[in-house]
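Right, one structure below, let's go through it.
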Amino acid sequence: MEKSLASLAEFLKARVIGDGSVLIRGIGSYDTAQDGYLTFADNPRSLTHALESKASGIMVGWAATDADLKGRSGISVENPRLAFALLLQLFNPDPVATGSIHPTAVLGKDVQIDKPVDIGANAFIGDRARIGKGTIIDPGTYIGNDVSIGENCRIGPNVAVYHHCVIGSRVRLFAGVIIGGDGFGYVFDRDHYERVPQIGNVVIEDDVEIGCNSCVDRATIGSTRVGRGSKFDNQVQVAHNDQIGKHVILAGQVGLAGSVTIGDYSMLGGKSGVIDHLTLGKKARLGAASIATKDVPEGEIQWGYPSVRLNDSKEQMVLIRRLPELHKRIKELETRLAALERSSK
Amino acid sequence: MEKSLASLAEFLKARVIGDGSVLIRGIGSYDTAQDGYLTFADNPRSLTHALESKASGIMVGWAATDADLKGRSGISVENPRLAFALLLQLFNPDPVATGSIHPTAVLGKDVQIDKPVDIGANAFIGDRARIGKGTIIDPGTYIGNDVSIGENCRIGPNVAVYHHCVIGSRVRLFAGVIIGGDGFGYVFDRDHYERVPQIGNVVIEDDVEIGCNSCVDRATIGSTRVGRGSKFDNQVQVAHNDQIGKHVILAGQVGLAGSVTIGDYSMLGGKSGVIDHLTLGKKARLGAASIATKDVPEGEIQWGYPSVRLNDSKEQMVLIRRLPELHKRIKELETRLAALERSSK
Amino acid sequence: MEKSLASLAEFLKARVIGDGSVLIRGIGSYDTAQDGYLTFADNPRSLTHALESKASGIMVGWAATDADLKGRSGISVENPRLAFALLLQLFNPDPVATGSIHPTAVLGKDVQIDKPVDIGANAFIGDRARIGKGTIIDPGTYIGNDVSIGENCRIGPNVAVYHHCVIGSRVRLFAGVIIGGDGFGYVFDRDHYERVPQIGNVVIEDDVEIGCNSCVDRATIGSTRVGRGSKFDNQVQVAHNDQIGKHVILAGQVGLAGSVTIGDYSMLGGKSGVIDHLTLGKKARLGAASIATKDVPEGEIQWGYPSVRLNDSKEQMVLIRRLPELHKRIKELETRLAALERSSK
């Protein structure tokens with residue numbers, strides 16, 4: 001695929017700098033971009049690198065002037081990072097389902113497939129599962145009975161989706177993701193634990209993406225829900241009856257206890273966690289490796305364990321580092337005060 | 001399945017309130033219970049909800065009086081949460097093995113199967129493996145050579161049990177669980193690490209349940225052991241030579257270093273961890289995201305990193321939050337003392 | 001296999017104590033070693049245990065004298081732990097590929113196999129993948145298109161290696177490992193996240209070993225790299241564009257954010273983490289459950305969150321534990337100072 005700078009500018013609703021007829025066949029960082037490639041610069045330093053690169057075009061932000069490109073051709077865009085993502089999508093289109101169902105795939109009874117759907121080698125599709133058109137299921141994946149999967153999904157290799165779970169459209173589950181394992185529910189009975197059967201399911205809305213080896217447990221009763229457009233990194237754990245809002249970011253190794261509610265557009269840093277039954281308001285943010293032990297208000301940024309407002313957390317961290325000094329000042333105060341007490345007698 | 005309130009009361013050794021002939025066909029929370037369902041209430045607030053629900057029966061604790069049900073029928077039980085679990089089990093029985101071995105399953109040499117056993121599509125059973133009656137092995141699962149699995153187990157999809165491991169009866173392993181991966185053992189030799197072969201195995205006793213994508217490593221020599229009735233949540237890591245007692249709870253993302261001993265009936269909160277070679281006594285408890293760096297005595301509750309007794313941890317956390325105030329008080333003391341020193345000269 | 005103490009001593013470049021003709025057929029700890037076994041002792045206490053064991057030979061360090069063995073036979077070595085590892089390797093050789101490709105394995109087009117290679121049941125090998133001689137691929141594993149795997153590797157069951165990744169020689173990937181999942185890259189666009197396609201790959205150099213259910217994400221552009229001889233424990237997360245040096249140890253549940261550089265011979269403790277774009281110098285060490293929020297200089301040992309030098313961290317931890325006492329001392333100072341102020345008026 002080759003596109004002229006002019007056509008890329010039109011695609012991005014952007015402005016050409018220099019020669020719009022220059023042909024672009026790929027997108028790259030300044031150190032990997034070859035002849036025929038477009039690179040991008042969103043600050044003066046990366047612009048210097050871009051100008052030294054072999055790239056045939058340079059994408060810069062609005063603030064850049066034509067002179068900044070020093071005679072090179074390129075595109076001026078509002079948001080270079082976003083434009084970079086959109087061009088990478090353009091030049092690296094997702095694979096398209098061709099209707100190929102591998103002969104080693106095992107399909108249960110009354111499976112409903114809305115062609116074209118691809119099902120990979122040694123995949124297993126349970127009874128009465130429904131799979132929407134355009135969806136690709138990779139090799140070795142397990143889809144339980146009565147699972148529903150929407151259109152244009154990509155279900156990676158060695159994934160497991162347990163029975164009765166519902167997956168929307170354009171959902172991407174990476175390798176090793178497990179949807180609908182039992183929630184962790186037990187009741188102590190004299191000398192042992194009795195299992196609380198988990199008879200709910202998981203609902204994953206449209207445009208959700210879930211990273212490798214992450215898990216979303218089914219609800220005890222009702223549904224564990226992941227809202228539209230939310231993105232989870234690898235090794236994330238979402239527990240039974242959690243209600244994850246729309247466009248929520250959970251970074252790697254986040255762990256949520258049960259019955260947690262996460263507001264739309266919230267962001268949780270890597271390794272952070274939330275105690276059970278708490279609510280994070282819309283656009284809340286929790287720092288890396290922080291643990292929320294109380295509800296977090298809408299829009300608030302918290303950090304630490306227990307997590308507190310970012311500024312309070314910073315102040316605490318500074319003072320913890322200064323504890324040896326504070327300790328010394330207390331000792332000095334004690335010495336000076338004792339001297340004064342003696343002299344005043 | 002339909003059961004009268006009277007027969008459910010007999011099953012639970014409980015007392016009927018109102019009309020014992022009311023038929024129940026399912027169990028639900030107050031907001032999901034329909035006509036024909038039984039719901040439960042273990043406090044006044046949930047009782048209010050239950051009374052407003054469409055449920056045909058309400059299960060309440062001993063303390064509730066007939067009048068509390070305001071003319072509705074129900075059951076009075078000693079422990080509503082336990083009764084709820086037992087009724088959910090009654091109305092949602094586990095699947096029963098029918099002796100179905102899928103034609104795509106691959107069985108090694110001299111596999112011993114005590115019928116009926118179900119083996120799913122594309123599962124692999126290694127040489128000389130033994131599988132007890134009533135056990136169900138889901139699709140895509142790998143059972144290594146010389147593995148022994150007891151009766152009435154449920155081994156989920158895409159599980160891996162490495163060679164020579166021993167699994168008891170009524171064990172449930174969820175999708176992605178890995179039993180018997182090599183322990184993490186290396187010795188540094190001048191400029192590189194030499195592997196210490198891990199020639200032990202893993203022994204999982206009866207009634208253990210292990211959540212999705214959790215791992216239990218094999219011992220260097222001897223056995224890593226998980227005691228009877230213990231329950232692990234998702235993404236738990238148990239290292240080589242760990243000795244987990246009976247009826248131990250490990251919540252999500254717990255990580256234990258090697259050669260750790262966990263006493264019976266201990267409970268470890270989500271994301272908590274234990275340094276290598278430590279012992280947690282019986283009924284010890286470790287809080288969420290806490291790290292034990294010393295042995296924990298029997299029955300003690302610890303929190304924090306390094307973990308300390310719960311009350312000490314709370315006091316520390318309160319004082320950390322008050323550090324800005326303590327700092328201010330130290331500054332004031334310094335100012336006032338300096339003034340006094342000047343005036344006393 | 002049986003070996004005389006004399007031949008084992010020659011293999012280890014070590015010295016025989018007592019009867020060199022004693023035959024050894026296995027290696028064991030003092031409590032598992034039977035007749036015909038060699039056990040080892042690297043301190044006086046373990047020597048006492050070894051002398052009480054049924055082992056036919058005892059391996060001790062240089063410092064031990066012949067008299068220490070009290071008439072028992074054995075071997076005196078420079079480094080008993082290393083010798084123990086090497087003998088375990090000798091007596092427990094890795095399985096050797098026999099050229100067995102299971103009939104249920106699915107191979108894509110133009111796969112290049114350098115015989116002998118073993119491919120297990122229900123494994124999937126993508127188009128144009130290359131697999132070096134001596135490599136064993138276990139059942140249920142997914143190898144994507146254009147993947148390259150070197151010689152004498154062991155790829156465990158239910159592993160996934162995504163397209164275009166490169167694996168060196170003598171690499172061991174344990175069950176559930178995922179190599180080359182998409183890096184976690186999104187750009188916010190008004191009301192939703194746009195995906196940044198991840199068009200790079202992962203390069204795993206020779207002699208790397210990666211534990212169960214660990215993940216290494218592919219680079220956005222370029223390569224995520226794991227240097228020669230590095231060893232990862234279970235459930236480790238390595239993000240896009242990370243550059244892991246040679247002979248790096250990542251213990252269980254370590255999580256690295258994106259674009260992190262880890263110097264050669266560094267060691268990261270269990271559950272530790274590193275914020276994105278940071279660099280840990282060569283031979284840096286990060287304590288268990290510690291989070292690096294700034295670069296760590298070469299050779300430095302850090303602990304805590306945010307991680308600081310080990311001694312500073314210890315001092316902080318001690319003073320945090322002493323906060324109740326410090327608080328009390330501040331209150332006493334206030335009382336005494338107030339008294340003095342009153343008396344001085």
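FYI, nothing fancy with the structure tokens labels: chains A, B, ... in order, residues from 1 per chain, ligands from 1 as they appear.
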Test item: chain C residues at most 9 Å from chain B, counting only C-alpha atoms, as a VMD selection string: chain C and resid 28 to 29 32 81 to 82 84 to 86 88 to 89 92 to 93 104 121 to 122 139 to 140 157 to 158 174 to 176 211 to 213 229 to 235 246 to 247 251 to 253 265 270 to 271 288 to 289 304 317 320 to 324 327 330 333 to 334 337 340 to 341 344
Can you list, as an MDAnalysis selection string, all residues belonging to region 216-302 of chain A that DSSP tags as strand (DSSP E or B)? chainID A and resid 216:217 223:226 231:232 237:238 243:244 249:250 255:256 261:262 267:268 273:274 279:280 285:286 291:292 296 301:302
Would you mind exporting N, CA and C atoms of the selected residues as a short mmCIF file (atom, residue, chain, number, x, y, z; two decimals), in the first residue's frame?
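This is the output file selection_25.cif:
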```cif
data_model
loop_
_atom_site.label_atom_id
_atom_site.label_comp_id
_atom_site.auth_asym_id
_atom_site.auth_seq_id
_atom_site.Cartn_x
_atom_site.Cartn_y
_atom_site.Cartn_z
N VAL A 216 -11.61 -12.27 34.11
CA VAL A 216 -12.83 -11.59 34.58
C VAL A 216 -13.77 -12.68 35.08
N ASP A 217 -14.03 -12.68 36.38
CA ASP A 217 -14.85 -13.74 36.98
C ASP A 217 -16.34 -13.49 36.78
N SER A 223 -24.63 -10.22 36.72
CA SER A 223 -23.52 -10.15 35.78
C SER A 223 -22.36 -9.31 36.31
N THR A 224 -21.15 -9.79 36.09
CA THR A 224 -19.97 -8.94 36.15
C THR A 224 -19.93 -8.22 34.81
N ARG A 225 -19.69 -6.92 34.81
CA ARG A 225 -19.83 -6.15 33.57
C ARG A 225 -18.58 -5.32 33.29
N VAL A 226 -18.16 -5.33 32.02
CA VAL A 226 -17.07 -4.45 31.57
C VAL A 226 -17.64 -3.54 30.49
N LYS A 231 -10.23 -0.76 28.33
CA LYS A 231 -9.02 -1.45 27.89
C LYS A 231 -8.27 -1.96 29.11
N PHE A 232 -7.97 -3.26 29.12
CA PHE A 232 -7.21 -3.86 30.23
C PHE A 232 -5.87 -4.35 29.68
N GLN A 237 -6.95 -8.73 37.11
CA GLN A 237 -7.94 -9.59 37.76
C GLN A 237 -9.18 -8.76 38.12
N VAL A 238 -10.32 -9.14 37.54
CA VAL A 238 -11.60 -8.50 37.83
C VAL A 238 -12.49 -9.55 38.48
N GLN A 243 -18.46 -3.99 38.52
CA GLN A 243 -19.13 -3.21 37.48
C GLN A 243 -18.12 -2.18 36.97
N ILE A 244 -17.49 -2.49 35.84
CA ILE A 244 -16.49 -1.61 35.27
C ILE A 244 -17.18 -0.71 34.26
N ILE A 249 -9.45 2.40 31.96
CA ILE A 249 -8.13 1.83 31.72
C ILE A 249 -7.66 1.09 32.98
N LEU A 250 -7.39 -0.20 32.85
CA LEU A 250 -6.76 -0.95 33.93
C LEU A 250 -5.38 -1.40 33.44
N GLY A 255 -5.63 -5.50 40.35
CA GLY A 255 -6.51 -6.50 40.95
C GLY A 255 -7.67 -5.84 41.67
N LEU A 256 -8.88 -6.19 41.28
CA LEU A 256 -10.07 -5.64 41.94
C LEU A 256 -10.73 -6.75 42.75
N THR A 261 -17.27 -1.02 41.95
CA THR A 261 -17.79 -0.24 40.83
C THR A 261 -16.73 0.78 40.41
N ILE A 262 -16.41 0.80 39.13
CA ILE A 262 -15.40 1.73 38.62
C ILE A 262 -16.10 2.66 37.62
N MET A 267 -8.90 5.62 35.44
CA MET A 267 -7.63 4.99 35.06
C MET A 267 -6.97 4.43 36.30
N LEU A 268 -6.63 3.14 36.27
CA LEU A 268 -5.95 2.52 37.41
C LEU A 268 -4.54 2.10 36.98
N GLY A 273 -4.89 -1.72 43.26
CA GLY A 273 -5.97 -2.60 43.67
C GLY A 273 -7.07 -1.84 44.37
N VAL A 274 -8.23 -2.46 44.45
CA VAL A 274 -9.39 -1.85 45.11
C VAL A 274 -10.03 -2.91 46.00
N THR A 279 -16.55 2.03 45.50
CA THR A 279 -16.89 2.71 44.26
C THR A 279 -15.84 3.76 43.93
N LEU A 280 -15.32 3.72 42.72
CA LEU A 280 -14.48 4.82 42.22
C LEU A 280 -15.36 5.64 41.29
N ARG A 285 -8.63 8.47 39.35
CA ARG A 285 -7.35 7.87 38.98
C ARG A 285 -6.67 7.31 40.22
N LEU A 286 -6.13 6.12 40.06
CA LEU A 286 -5.42 5.48 41.16
C LEU A 286 -4.00 5.21 40.67
N ILE A 291 -3.49 1.21 46.66
CA ILE A 291 -4.64 0.39 47.06
C ILE A 291 -5.72 1.30 47.63
N ALA A 292 -6.87 1.34 46.97
CA ALA A 292 -8.00 2.13 47.48
C ALA A 292 -8.71 1.33 48.56
N VAL A 296 -13.53 6.44 46.13
CA VAL A 296 -12.76 7.56 45.57
C VAL A 296 -13.74 8.47 44.83
N ILE A 301 -7.61 12.11 42.02
CA ILE A 301 -6.41 11.31 41.79
C ILE A 301 -5.87 10.88 43.13
N GLN A 302 -5.73 9.58 43.33
CA GLN A 302 -5.22 9.09 44.60
C GLN A 302 -3.98 8.23 44.40
#
```
Separation of CA of Arg228 (chain B) from CA of Asn241 (chain A) in Å: 27.8 Å
I'd like to know which residues of region 92-328 of chain B are alpha helix (DSSP H) (by DSSP, run on the backbone); could you write them as a ChimeraX atom specification? /B:310-321,323-328
Selection file, all heavy atoms, as a compact mmCIF listing (two decimals), in the first residue's frame:
```txt
# COMPACT_ATOMS: atom_id res chain seq x y z
N LEU B 310 -2.18 -5.98 63.45
CA LEU B 310 -3.19 -5.10 62.86
C LEU B 310 -3.27 -3.76 63.57
O LEU B 310 -3.26 -2.70 62.93
CB LEU B 310 -4.56 -5.81 62.88
CG LEU B 310 -5.72 -5.02 62.29
CD1 LEU B 310 -5.46 -4.65 60.85
CD2 LEU B 310 -7.02 -5.82 62.39
N ASN B 311 -3.33 -3.77 64.91
CA ASN B 311 -3.45 -2.50 65.63
C ASN B 311 -2.24 -1.60 65.43
O ASN B 311 -2.37 -0.39 65.27
CB ASN B 311 -3.66 -2.75 67.13
CG ASN B 311 -5.08 -3.19 67.42
OD1 ASN B 311 -5.97 -2.99 66.58
ND2 ASN B 311 -5.29 -3.80 68.57
N ASP B 312 -1.06 -2.21 65.44
CA ASP B 312 0.16 -1.43 65.20
C ASP B 312 0.13 -0.84 63.79
O ASP B 312 0.52 0.31 63.57
CB ASP B 312 1.40 -2.31 65.36
CG ASP B 312 1.57 -2.80 66.79
OD1 ASP B 312 0.97 -2.17 67.70
OD2 ASP B 312 2.27 -3.79 67.01
N SER B 313 -0.33 -1.63 62.85
CA SER B 313 -0.40 -1.16 61.47
C SER B 313 -1.35 0.02 61.34
O SER B 313 -1.06 1.01 60.68
CB SER B 313 -0.84 -2.31 60.57
OG SER B 313 -1.08 -1.85 59.27
N LYS B 314 -2.52 -0.11 62.00
CA LYS B 314 -3.50 1.00 61.95
C LYS B 314 -2.90 2.26 62.54
O LYS B 314 -3.06 3.36 62.00
CB LYS B 314 -4.76 0.61 62.72
CG LYS B 314 -5.69 -0.30 61.95
CD LYS B 314 -6.93 -0.60 62.81
CE LYS B 314 -7.89 -1.52 62.08
NZ LYS B 314 -8.97 -1.99 62.98
N GLU B 315 -2.20 2.12 63.70
CA GLU B 315 -1.61 3.28 64.36
C GLU B 315 -0.55 3.91 63.45
O GLU B 315 -0.49 5.13 63.30
CB GLU B 315 -0.97 2.82 65.69
CG GLU B 315 -0.69 3.96 66.64
CD GLU B 315 -0.19 3.45 67.99
OE1 GLU B 315 0.15 2.25 68.09
OE2 GLU B 315 -0.14 4.27 68.94
N GLN B 316 0.26 3.07 62.82
CA GLN B 316 1.26 3.58 61.88
C GLN B 316 0.60 4.36 60.75
O GLN B 316 1.05 5.45 60.38
CB GLN B 316 2.07 2.42 61.27
CG GLN B 316 3.12 1.83 62.17
CD GLN B 316 3.77 0.60 61.57
OE1 GLN B 316 3.67 0.37 60.37
NE2 GLN B 316 4.43 -0.19 62.39
N MET B 317 -0.47 3.77 60.18
CA MET B 317 -1.12 4.41 59.04
C MET B 317 -1.73 5.75 59.43
O MET B 317 -1.64 6.72 58.69
CB MET B 317 -2.20 3.48 58.46
CG MET B 317 -1.59 2.35 57.62
SD MET B 317 -2.85 1.25 56.90
CE MET B 317 -1.83 0.18 55.86
N VAL B 318 -2.33 5.80 60.62
CA VAL B 318 -2.90 7.07 61.10
C VAL B 318 -1.79 8.10 61.25
O VAL B 318 -1.92 9.25 60.82
CB VAL B 318 -3.64 6.85 62.45
CG1 VAL B 318 -3.91 8.18 63.13
CG2 VAL B 318 -4.93 6.08 62.22
N LEU B 319 -0.67 7.69 61.84
CA LEU B 319 0.41 8.65 62.10
C LEU B 319 1.10 9.07 60.81
O LEU B 319 1.57 10.21 60.70
CB LEU B 319 1.40 8.07 63.11
CG LEU B 319 0.85 8.02 64.55
CD1 LEU B 319 1.78 7.25 65.47
CD2 LEU B 319 0.62 9.44 65.10
N ILE B 320 1.17 8.18 59.82
CA ILE B 320 1.72 8.58 58.52
C ILE B 320 0.85 9.67 57.92
O ILE B 320 1.34 10.66 57.38
CB ILE B 320 1.85 7.36 57.59
CG1 ILE B 320 3.04 6.50 58.03
CG2 ILE B 320 2.03 7.80 56.13
CD1 ILE B 320 3.14 5.17 57.31
N ARG B 321 -0.46 9.49 58.02
CA ARG B 321 -1.37 10.53 57.51
C ARG B 321 -1.18 11.83 58.28
O ARG B 321 -1.39 12.92 57.75
CB ARG B 321 -2.83 10.06 57.61
CG ARG B 321 -3.33 9.35 56.38
CD ARG B 321 -4.86 9.36 56.33
NE ARG B 321 -5.45 8.60 57.42
CZ ARG B 321 -5.68 7.29 57.36
NH1 ARG B 321 -5.37 6.60 56.29
NH2 ARG B 321 -6.23 6.66 58.38
N LEU B 323 1.63 12.93 59.50
CA LEU B 323 3.01 13.43 59.44
C LEU B 323 3.10 14.93 59.17
O LEU B 323 3.91 15.62 59.81
CB LEU B 323 3.83 12.66 58.40
CG LEU B 323 4.52 11.38 58.89
CD1 LEU B 323 5.22 10.68 57.74
CD2 LEU B 323 5.54 11.71 59.99
N PRO B 324 2.31 15.49 58.24
CA PRO B 324 2.39 16.94 58.03
C PRO B 324 2.11 17.72 59.32
O PRO B 324 2.79 18.69 59.64
CB PRO B 324 1.31 17.20 56.97
CG PRO B 324 1.19 15.89 56.23
CD PRO B 324 1.40 14.83 57.28
N GLU B 325 1.13 17.25 60.09
CA GLU B 325 0.80 17.91 61.36
C GLU B 325 1.95 17.74 62.36
O GLU B 325 2.34 18.71 63.03
CB GLU B 325 -0.50 17.29 61.91
CG GLU B 325 -0.88 17.79 63.30
CD GLU B 325 -1.53 16.68 64.11
OE1 GLU B 325 -2.32 15.90 63.53
OE2 GLU B 325 -1.21 16.58 65.33
N LEU B 326 2.50 16.54 62.45
CA LEU B 326 3.62 16.32 63.38
C LEU B 326 4.80 17.21 63.00
O LEU B 326 5.46 17.79 63.87
CB LEU B 326 4.05 14.84 63.37
CG LEU B 326 3.01 13.82 63.84
CD1 LEU B 326 3.63 12.43 63.91
CD2 LEU B 326 2.43 14.20 65.21
N HIS B 327 5.04 17.33 61.70
CA HIS B 327 6.13 18.17 61.23
C HIS B 327 5.92 19.62 61.66
O HIS B 327 6.83 20.30 62.16
CB HIS B 327 6.22 18.07 59.70
CG HIS B 327 7.37 18.83 59.13
ND1 HIS B 327 7.32 19.44 57.91
CD2 HIS B 327 8.61 19.09 59.63
CE1 HIS B 327 8.46 20.04 57.67
NE2 HIS B 327 9.27 19.84 58.70
N LYS B 328 4.67 20.07 61.52
CA LYS B 328 4.33 21.44 61.92
C LYS B 328 4.55 21.64 63.42
O LYS B 328 5.06 22.68 63.86
CB LYS B 328 2.85 21.67 61.56
CG LYS B 328 2.45 23.12 61.44
CD LYS B 328 1.00 23.21 60.96
CE LYS B 328 0.40 24.55 61.36
NZ LYS B 328 -1.08 24.53 61.20
```
In Å to one decimal, how far is CA of Gly269 (chain C) from CA of Gly258 (chain B)? 12.4 Å
Extract, using only C-alpha atoms, all DNA, RNA and protein residues at most 6 Å from Gly120 (chain B), discarding same-chain residues fewer than 5 positions from it, and format them as a short mmCIF file (atom, residue, chain, number, x, y, z; two decimals) with all heavy atoms, in the first residue's frame.
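Writing done, so here's selection-v4.cif:
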```cif
data_model
loop_
_atom_site.label_atom_id
_atom_site.label_comp_id
_atom_site.auth_asym_id
_atom_site.auth_seq_id
_atom_site.Cartn_x
_atom_site.Cartn_y
_atom_site.Cartn_z
N HIS B 102 -13.82 -37.51 24.21
CA HIS B 102 -13.98 -36.94 22.87
C HIS B 102 -12.98 -37.57 21.90
O HIS B 102 -11.83 -37.80 22.27
CB HIS B 102 -13.76 -35.42 22.94
CG HIS B 102 -14.31 -34.72 21.74
ND1 HIS B 102 -13.61 -34.58 20.57
CD2 HIS B 102 -15.51 -34.15 21.52
CE1 HIS B 102 -14.35 -33.93 19.68
NE2 HIS B 102 -15.52 -33.65 20.24
N ILE B 137 -12.52 -33.70 32.62
CA ILE B 137 -11.38 -32.91 32.13
C ILE B 137 -11.85 -32.14 30.91
O ILE B 137 -12.30 -32.72 29.93
CB ILE B 137 -10.19 -33.83 31.81
CG1 ILE B 137 -9.71 -34.46 33.14
CG2 ILE B 137 -9.07 -33.07 31.11
CD1 ILE B 137 -8.56 -35.40 33.00
N ASP B 138 -11.76 -30.83 30.98
CA ASP B 138 -12.31 -29.97 29.93
C ASP B 138 -11.39 -29.90 28.71
O ASP B 138 -10.22 -30.30 28.78
CB ASP B 138 -12.58 -28.57 30.50
CG ASP B 138 -13.85 -28.53 31.35
OD1 ASP B 138 -14.74 -29.35 31.13
OD2 ASP B 138 -13.93 -27.65 32.24
N PRO B 139 -11.89 -29.35 27.62
CA PRO B 139 -11.12 -29.28 26.38
C PRO B 139 -9.79 -28.55 26.52
O PRO B 139 -9.66 -27.60 27.30
CB PRO B 139 -12.05 -28.52 25.43
CG PRO B 139 -13.42 -28.87 25.90
CD PRO B 139 -13.29 -28.91 27.40
#
```
